[in-house]
Amino acid sequence: MNISTRHRLPFPPPLKPKGTVGIISPGRWPDPLWIDRPKSFLESRGYQVVVHAQNYLKEGQLAGSDEARAEAIMDMFADATIDAIMCSRGGTGSLRLLDKLDYEAIAGQPKPFIGFSDITVLLHAISQKCGFATYHGPMGWNFAQPSNDPRTGAEMLNVIGNRRKHCRMHYPEVEVIRSGRAEGILIGGNLTMLQHLMGTAFEWPAHDAVLFMEEADEPLYKIDRALTHLRLAGKFKSIKAVLVGEMIELSDGETGLAREGERPFGKTLREIVLEHVPPETILAFNFPCGHGNYISTLPVGAACQLTLGPRGAELTYILSE
C-alpha cells in the first residue's frame with residue numbers, strides 16, 4: 001500500500017491473548033449493565049477485566065468530578081498490568097477533561113484506548129498529543145443493548161489484538177453515492193464532537209483524510225450547522241473521502257423525528273451532506289460507525305486505503321509497523 005506517511009500515527013502495542021482490559025467512564029455515569037455485560041463478554045473470551053472504582057461515582061449526570069474522571073484515565077495508562085482501556089459510555093463530559101490529562105505520561109505507556117460518541121474528543125486528543133492511534137469502537141453500552149450485533153465485539157478484539165501488517169474490512173451494507181478509490185489517514189467520530197475540537201489545541205487534521213462521521217439525537221438544523229462550519233473552516237477542501245455513519249433518531253427541530261425521504265427541515269440528511277461535501281470527494285452512507293447495532297472498530301490516525309464500488313466499501317489499513 002503506497003500511502004503517504006504525513007500525519008500517519010503508529011499503533012499502540014496490540015492487546016495480547018488473555019490480556020487485561022480496564023473499564024472507565026470519562027463522561028456520564030453508566031448503568032451497572034454497561035459495566036457487567038462487557039466484563040462478562042471479555043472474560044468469556046479469556047481476558048482479564050479491571051473495573052476502576054471511578055465508574056461508580058456520581059456528580060450530577062457525570063461519573064464523578066472532572067478530576068476523578070481524568071485521574072481514572074491516568075491510572076489506567078500508568079498501570080503496566082492494564083493492556084487496553086475501554087470506556088463504558090459517552091454522553092457528555094469528556095471535553096472537560098482535555099486540559100486535565102498528562103499527555104507526556106500517556107505517551108510513555110501507549111495502549112489501545114477504545115470508545116466513540118462523546119469519547120471522540122479523547123480519541124483525537126490522545127492521538128494528537130501522544131502520537132499513537134486510538135480506536136473508535138464499542139463501549140460497555142453497546143454490549144448491554146438487546147440488538148447488539150455479535151460482529152461488534154468480535155471485530156474489536158480482532159482489530160486491537162491484531163499482529164498482522166494489514167487488515168482488510170468489507171462493508172457490503174454501505175450505500176455508495178460516489179464510487180472511487182482513496183488513500184489517506186483515517187479520521188473521524190461524532191460530528192458534534194469533531195466540531196467542538198476546531199479552534200483548540202486538539203484540532204484534527206483534514207489533509208488527505210478519509211473522514212467518517214456519525215450523530216444521534218440531533219435536529220437536522222444542527223447537522224446542517226455543523227457541516228456548514230466544517231465547510232467554512234476549509235475542512236472539506238483536502239479530504240479524500242467521506243463515510244457517513246448511522247445518523248439515528250434525527251428530528252426536524254419542530255415536529256419530531258425526521259423520516260427518510262421527508263423534508264420537514266426543508267432538506268433531507270442526504271441533501272444536506274451533498275450540499276457541503278465537494279462533488280469530487282467519494283462518498284458513502286450507512287457506514288457502521290455510530291449508534292446502530294453494529295459498530296466497526298476504526299483506528300483513528302491510521303494510514304488506510306478505501307474503495308467504494310458496487311460491492312460496498314472495502315477499507316484496508318496498516319495494523320503494525
# chains A, B, ... in the order shown; residues from 1 in each chain; ligands from 1
>>> residues_around(residues="Gly60 of chain A", least_positions_apart="4", cutoff="9 Å", atoms="only C-alpha atoms", output="list in words")
Arg28, Trp29 and Gly64 of chain A
>>> residues_around(residues="Ser25 of chain A", least_positions_apart="3", cutoff="8 Å", atoms="only C-alpha atoms", output="list in words")
Arg28, Trp29, Pro30, Gln54, Asn55, Ala63, Arg69, Cys87, Ser88, Arg89 and Gly90 of chain A
>>> closest_residue(among="A:Ile272, A:Met156, A:Leu227, A:Met213", to="Leu243 of chain A", atoms="only C-alpha atoms")
A:Met213
>>> residues_around(residues="segment 144-151 of chain A", least_positions_apart="6", cutoff="9 Å", atoms="only C-alpha atoms", output="number ranges by chain")
A: 33-38, 292-296
>>> closest_atom_pairs(of="segment 168-247 of chain A", to="segment 125-136 of chain A", cutoff="8 Å", atoms="only C-alpha atoms", output="Markdown table")
| residue | atom | partner | partner_atom | distance |
| --- | --- | --- | --- | --- |
| A:Gly189 | CA | A:His136 | CA | 7.0 |
| A:Phe202 | CA | A:Ala125 | CA | 5.2 |
| A:Trp204 | CA | A:Gln128 | CA | 7.6 |
>>> write_last_selection(atoms="C-alpha atoms", output="PDB file, in the first residue's frame")
ATOM      1  CA  GLY A 189     -16.086  10.269  15.023  1.00  0.00           C
ATOM      2  CA  PHE A 202      -6.634  19.199  19.767  1.00  0.00           C
ATOM      3  CA  TRP A 204      -7.940  17.120  13.861  1.00  0.00           C
TER       4      TRP A 204
END
>>> residues_around(residues="Gly188 of chain A", least_positions_apart="4", cutoff="12 Å", atoms="only C-alpha atoms", output="PyMOL selection string")
chain A and resi 116-117+119-124+127+134-137+192-195+197+203-206+209-215+235+239+241-245+289-290+297-302
>>> write_last_selection(atoms="C-alpha atoms", output="compact mmCIF listing (two decimals), in the first residue's frame")
# COMPACT_ATOMS: atom_id res chain seq x y z
CA PHE A 116 -16.95 6.60 20.46
CA SER A 117 -19.64 9.29 20.56
CA ILE A 119 -15.33 9.91 23.63
CA THR A 120 -14.41 11.18 20.14
CA VAL A 121 -12.66 14.19 21.71
CA LEU A 122 -10.46 11.95 23.87
CA LEU A 123 -9.55 9.78 20.88
CA HIS A 124 -8.31 12.80 19.00
CA SER A 127 -3.72 10.56 19.25
CA THR A 134 -6.68 5.32 19.17
CA TYR A 135 -9.75 3.19 18.42
CA HIS A 136 -13.22 4.44 17.52
CA GLY A 137 -15.13 1.37 18.64
CA THR A 192 -20.70 17.47 17.10
CA MET A 193 -17.52 16.48 18.93
CA LEU A 194 -15.41 16.96 15.79
CA GLN A 195 -16.88 20.44 15.51
CA LEU A 197 -12.42 20.39 18.65
CA GLU A 203 -8.00 20.02 16.31
CA TRP A 204 -7.94 17.12 13.86
CA PRO A 205 -6.02 17.20 10.58
CA ALA A 206 -8.15 17.19 7.43
CA ALA A 209 -8.16 12.44 5.43
CA VAL A 210 -10.67 9.65 4.96
CA LEU A 211 -13.35 11.16 7.18
CA PHE A 212 -16.05 9.12 8.90
CA MET A 213 -18.78 10.76 10.98
CA GLU A 214 -21.90 9.83 12.91
CA GLU A 215 -24.54 11.54 15.03
CA LYS A 235 -12.09 21.03 6.32
CA ILE A 239 -10.42 15.44 2.34
CA ALA A 241 -13.43 10.57 1.16
CA VAL A 242 -16.44 10.91 3.45
CA LEU A 243 -18.17 7.98 5.15
CA VAL A 244 -21.50 8.93 6.74
CA GLY A 245 -22.41 6.56 9.55
CA CYS A 289 -19.56 3.73 12.83
CA GLY A 290 -22.35 5.08 15.00
CA THR A 297 -13.62 -0.69 15.21
CA LEU A 298 -11.67 2.01 13.36
CA PRO A 299 -8.12 3.15 14.20
CA VAL A 300 -8.05 6.94 14.31
CA GLY A 301 -4.84 8.18 12.69
CA ALA A 302 -4.11 5.04 10.68
>>> select_by_dssp(residues="segment 10-45 of chain A", states="strand (DSSP E or B)", output="list in words")
Thr20, Val21, Gly22, Ile23, Ile24 and Arg28 of chain A
>>> write_last_selection(atoms="N, CA and C atoms", output="mmCIF file, in the first residue's frame")
data_model
loop_
_atom_site.group_PDB
_atom_site.id
_atom_site.type_symbol
_atom_site.label_atom_id
_atom_site.label_comp_id
_atom_site.auth_asym_id
_atom_site.auth_seq_id
_atom_site.Cartn_x
_atom_site.Cartn_y
_atom_site.Cartn_z
ATOM 1 N N THR A 20 -5.307 -7.929 29.873
ATOM 2 C CA THR A 20 -6.198 -7.267 30.825
ATOM 3 C C THR A 20 -6.760 -5.982 30.232
ATOM 4 N N VAL A 21 -8.073 -5.831 30.310
ATOM 5 C CA VAL A 21 -8.768 -4.648 29.818
ATOM 6 C C VAL A 21 -9.322 -3.873 31.011
ATOM 7 N N GLY A 22 -9.030 -2.586 31.054
ATOM 8 C CA GLY A 22 -9.575 -1.722 32.096
ATOM 9 C C GLY A 22 -10.797 -0.979 31.595
ATOM 10 N N ILE A 23 -11.783 -0.790 32.469
ATOM 11 C CA ILE A 23 -13.015 -0.083 32.104
ATOM 12 C C ILE A 23 -13.124 1.199 32.921
ATOM 13 N N ILE A 24 -13.370 2.327 32.225
ATOM 14 C CA ILE A 24 -13.541 3.627 32.859
ATOM 15 C C ILE A 24 -14.760 4.327 32.283
ATOM 16 N N ARG A 28 -20.734 10.514 31.219
ATOM 17 C CA ARG A 28 -21.840 10.291 32.147
ATOM 18 C C ARG A 28 -21.655 8.987 32.916
#
>>> select_by_dssp(residues="segment 174-305 of chain A", states="helix (DSSP H, G or I)", output="PyMOL selection string")
chain A and resi 191-197+220-232+269-276
>>> closest_residue(among="A:Ala201, A:Ala154, A:Ile248, A:Leu191", to="Ala226 of chain A", atoms="only C-alpha atoms")
A:Leu191
>>> residues_around(residues="Glu280 of chain A", least_positions_apart="4", cutoff="12 Å", atoms="only C-alpha atoms", output="MDAnalysis selection string")
chainID A and resid 177:182 236:242 274 276
>>> atom_distance(atom1="atom CA of His166 of chain A", atom2="atom CA of Ala284 of chain A")
22.7 Å
